[in-house]
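A.B. asks: I am sharing my_file26.pdb, which consists of PDB, C-alpha atoms, pLDDT in the B column:
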ATOM      1  CA  MET C1132      98.220-169.871-152.051  1.00 42.00           C
ATOM      2  CA  THR C1133     100.619-168.348-149.586  1.00 45.00           C
ATOM      3  CA  ALA C1134     104.347-168.928-149.140  1.00 47.00           C
ATOM      4  CA  ASP C1135     103.714-170.010-145.561  1.00 51.00           C
ATOM      5  CA  ASN C1136     101.005-172.502-146.459  1.00 49.00           C
ATOM      6  CA  PRO C1137     100.802-173.252-150.184  1.00 49.00           C
ATOM      7  CA  LEU C1138      97.617-175.301-149.977  1.00 50.00           C
ATOM      8  CA  SER C1139      95.604-173.192-147.555  1.00 48.00           C
ATOM      9  CA  ASP C1140      93.435-171.338-150.039  1.00 45.00           C
ATOM     10  CA  ARG C1141      92.690-174.067-152.553  1.00 46.00           C
ATOM     11  CA  LEU C1142      88.921-174.209-152.220  1.00 42.00           C
ATOM     12  CA  ASP C1143      86.573-175.272-154.997  1.00 44.00           C
ATOM     13  CA  ASP C1144      82.799-175.172-155.048  1.00 40.00           C
ATOM     14  CA  ASP C1145      82.662-178.892-154.253  1.00 47.00           C
ATOM     15  CA  ASP C1146      84.700-178.327-151.099  1.00 46.00           C
ATOM     16  CA  TYR C1147      81.671-177.461-149.001  1.00 55.00           C
ATOM     17  CA  PRO C1148      80.574-178.458-146.484  1.00 64.00           C
ATOM     18  CA  ALA C1149      83.712-178.505-144.429  1.00 77.00           C
ATOM     19  CA  TYR C1150      84.042-181.224-141.822  1.00 84.00           C
ATOM     20  CA  THR C1151      84.904-180.879-138.150  1.00 85.00           C
ATOM     21  CA  MET C1152      88.286-182.155-137.014  1.00 87.00           C
ATOM     22  CA  GLY C1153      86.749-185.230-135.409  1.00 88.00           C
ATOM     23  CA  ARG C1154      84.673-186.100-138.477  1.00 88.00           C
ATOM     24  CA  ALA C1155      87.606-185.402-140.812  1.00 88.00           C
ATOM     25  CA  ALA C1156      89.868-187.700-138.784  1.00 90.00           C
ATOM     26  CA  GLU C1157      87.170-190.374-138.763  1.00 90.00           C
ATOM     27  CA  MET C1158      86.787-190.123-142.543  1.00 89.00           C
ATOM     28  CA  LEU C1159      90.566-190.510-142.957  1.00 88.00           C
ATOM     29  CA  GLY C1160      90.714-193.397-140.509  1.00 89.00           C
ATOM     30  CA  THR C1161      93.166-191.499-138.344  1.00 89.00           C
ATOM     31  CA  THR C1162      93.220-189.342-135.233  1.00 90.00           C
ATOM     32  CA  PRO C1163      92.804-185.597-134.719  1.00 90.00           C
ATOM     33  CA  GLY C1164      96.476-185.660-133.677  1.00 91.00           C
ATOM     34  CA  PHE C1165      97.474-186.551-137.239  1.00 91.00           C
ATOM     35  CA  LEU C1166      95.498-183.590-138.575  1.00 89.00           C
ATOM     36  CA  ARG C1167      97.221-181.350-136.036  1.00 88.00           C
ATOM     37  CA  ALA C1168     100.631-182.744-137.095  1.00 89.00           C
ATOM     38  CA  ILE C1169     100.063-182.016-140.776  1.00 88.00           C
ATOM     39  CA  GLY C1170      98.808-178.573-139.786  1.00 84.00           C
ATOM     40  CA  GLU C1171     102.010-177.983-137.837  1.00 83.00           C
ATOM     41  CA  ALA C1172     103.969-179.143-140.899  1.00 80.00           C
ATOM     42  CA  ARG C1173     102.038-176.447-142.791  1.00 78.00           C
ATOM     43  CA  LEU C1174     100.418-178.849-145.241  1.00 81.00           C
ATOM     44  CA  ILE C1175      96.897-177.626-144.589  1.00 81.00           C
ATOM     45  CA  THR C1176      95.437-174.898-142.462  1.00 81.00           C
ATOM     46  CA  PRO C1177      91.945-175.719-141.266  1.00 79.00           C
ATOM     47  CA  LEU C1178      89.147-173.360-142.069  1.00 79.00           C
ATOM     48  CA  ARG C1179      87.512-171.748-139.061  1.00 76.00           C
ATOM     49  CA  SER C1180      83.805-171.748-138.397  1.00 71.00           C
ATOM     50  CA  GLN C1181      82.126-168.749-136.822  1.00 69.00           C
ATOM     51  CA  GLY C1182      82.610-170.404-133.440  1.00 74.00           C
ATOM     52  CA  GLY C1183      86.332-170.794-134.128  1.00 74.00           C
ATOM     53  CA  HIS C1184      86.174-174.572-134.606  1.00 75.00           C
ATOM     54  CA  ARG C1185      88.574-176.178-137.074  1.00 78.00           C
ATOM     55  CA  ARG C1186      86.912-177.404-140.253  1.00 82.00           C
ATOM     56  CA  TYR C1187      88.407-179.234-143.237  1.00 84.00           C
ATOM     57  CA  SER C1188      87.284-179.105-146.860  1.00 83.00           C
ATOM     58  CA  ARG C1189      87.055-182.120-149.159  1.00 83.00           C
ATOM     59  CA  TYR C1190      90.159-180.878-150.963  1.00 82.00           C
ATOM     60  CA  GLN C1191      92.051-180.726-147.670  1.00 85.00           C
ATOM     61  CA  LEU C1192      90.899-184.250-146.841  1.00 87.00           C
ATOM     62  CA  ARG C1193      92.239-185.515-150.190  1.00 85.00           C
ATOM     63  CA  ILE C1194      95.584-183.859-149.432  1.00 87.00           C
ATOM     64  CA  ALA C1195      95.623-185.270-145.889  1.00 90.00           C
ATOM     65  CA  ALA C1196      94.768-188.755-147.193  1.00 91.00           C
ATOM     66  CA  ARG C1197      97.756-188.659-149.557  1.00 92.00           C
ATOM     67  CA  ALA C1198     100.030-187.536-146.709  1.00 92.00           C
ATOM     68  CA  ARG C1199      98.616-190.325-144.544  1.00 93.00           C
ATOM     69  CA  GLU C1200      99.511-192.904-147.229  1.00 94.00           C
ATOM     70  CA  LEU C1201     103.119-191.733-147.184  1.00 95.00           C
ATOM     71  CA  VAL C1202     103.273-191.660-143.384  1.00 93.00           C
ATOM     72  CA  ASP C1203     101.853-195.191-143.256  1.00 94.00           C
ATOM     73  CA  GLN C1204     104.737-196.251-145.525  1.00 96.00           C
ATOM     74  CA  GLY C1205     107.159-195.017-142.861  1.00 96.00           C
ATOM     75  CA  MET C1206     107.862-191.486-144.068  1.00 95.00           C
ATOM     76  CA  PRO C1207     108.137-188.713-141.446  1.00 93.00           C
ATOM     77  CA  VAL C1208     105.176-186.318-141.409  1.00 90.00           C
ATOM     78  CA  ASP C1209     107.256-183.289-142.478  1.00 89.00           C
ATOM     79  CA  ALA C1210     108.725-185.128-145.484  1.00 92.00           C
ATOM     80  CA  ALA C1211     105.320-186.521-146.484  1.00 91.00           C
ATOM     81  CA  CYS C1212     103.852-183.024-146.375  1.00 88.00           C
ATOM     82  CA  ARG C1213     106.624-181.602-148.544  1.00 89.00           C
ATOM     83  CA  ILE C1214     106.092-184.362-151.119  1.00 93.00           C
ATOM     84  CA  VAL C1215     102.335-183.806-151.187  1.00 91.00           C
ATOM     85  CA  ILE C1216     102.844-180.062-151.694  1.00 88.00           C
ATOM     86  CA  LEU C1217     105.248-180.674-154.570  1.00 92.00           C
ATOM     87  CA  GLU C1218     102.906-183.227-156.157  1.00 93.00           C
ATOM     88  CA  ASP C1219     100.031-180.769-155.910  1.00 88.00           C
ATOM     89  CA  GLN C1220     102.096-177.952-157.421  1.00 90.00           C
ATOM     90  CA  LEU C1221     103.188-180.244-160.267  1.00 94.00           C
ATOM     91  CA  GLU C1222      99.578-181.221-161.010  1.00 91.00           C
ATOM     92  CA  GLU C1223      98.574-177.547-161.012  1.00 91.00           C
ATOM     93  CA  ALA C1224     101.456-176.628-163.340  1.00 94.00           C
ATOM     94  CA  GLN C1225     100.523-179.466-165.705  1.00 95.00           C
ATOM     95  CA  ARG C1226      96.885-178.327-165.712  1.00 93.00           C
ATOM     96  CA  ILE C1227      97.876-174.731-166.503  1.00 95.00           C
ATOM     97  CA  ASN C1228     100.260-175.904-169.232  1.00 95.00           C
ATOM     98  CA  GLU C1229      97.531-178.036-170.812  1.00 95.00           C
ATOM     99  CA  GLU C1230      95.073-175.123-170.744  1.00 94.00           C
ATOM    100  CA  PHE C1231      97.685-172.855-172.348  1.00 94.00           C
ATOM    101  CA  ARG C1232      98.458-175.405-175.070  1.00 94.00           C
ATOM    102  CA  ARG C1233      94.763-175.957-175.767  1.00 93.00           C
ATOM    103  CA  ALA C1234      94.123-172.203-176.017  1.00 91.00           C
ATOM    104  CA  ALA C1235      97.152-171.744-178.304  1.00 91.00           C
ATOM    105  CA  ALA C1236      95.993-174.617-180.538  1.00 90.00           C
ATOM    106  CA  ASP C1237      92.466-173.184-180.673  1.00 87.00           C
ATOM    107  CA  GLN C1238      93.841-169.764-181.581  1.00 87.00           C
ATOM    108  CA  HIS C1239      96.102-171.255-184.243  1.00 82.00           C
ATOM    109  CA  ASN C1240      93.259-173.326-185.749  1.00 83.00           C
ATOM    110  CA  GLY C1241      90.892-170.361-185.675  1.00 74.00           C
ATOM    111  CA  SER C1242      93.293-168.063-187.549  1.00 66.00           C
ATOM    112  CA  GLN C1243      93.630-170.367-190.568  1.00 62.00           C
TER
END
Could I get this structure in the form of structure tokens?
C.D. replies:
Amino acid sequence: MTADNPLSDRLDDDDYPAYTMGRAAEMLGTTPGFLRAIGEARLITPLRSQGGHRRYSRYQLRIAARARELVDQGMPVDAACRIVILEDQLEEAQRINEEFRRAAADQHNGSQ
């Protein structure tokens, strides 16, 4: 995660293969222009293939789909992207908190 693009490096093993911009837009039911717009809003930064072509992971497509839902409801792209970033950060914080609580409970139960 970077300050400039908080979701750019969130890649999991299931995120491969990455899809070309055209295929990604087709899968989202949108246009490449929408993917460019959310890139300009710094929601996602496409991966680059060896040839320099933009490619999108499954994770990035899930993020873009959520942004698209908000845009379809009439929200400006920039605002939708900010909301998606905050939602993603909240989910990550909740996951980390749950892992911490589980580890603390396991440690407490193991020491008795």
A.B. asks: Can you spell out as a PyMOL selection string the set of residues that the PyMOL selection byres ((chain C and resi 1179) around 12) selects in the structure I just provided?
C.D. replies: chain C and resi 1139+1149-1152+1176-1178+1180-1188
A.B. asks: Evaluate the PyMOL selection byres ((chain C and resi 1192-1209) around 8) here and jot the selected residues down as a list in words.
C.D. replies: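 Output of the PyMOL selection byres ((chain C and resi 1192-1209) around 8): Ala1155, Leu1159, Leu1166, Ala1168, Ile1169, Ala1172, Ile1175, Tyr1187, Ser1188, Arg1189, Tyr1190, Gln1191, Ala1210, Ala1211, Cys1212, Arg1213 and Val1215 of chain C.
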A.B. asks: Measure the distance from CA of Arg1154 (chain C) to CA of Leu1221 (chain C) in Å and round it to one decimal.
C.D. replies: 29.2 Å
A.B. asks: Between CA of Ala1236 (chain C) and CA of Glu1223 (chain C), what distance in Å does the model show, to one decimal?
C.D. replies: 19.9 Å
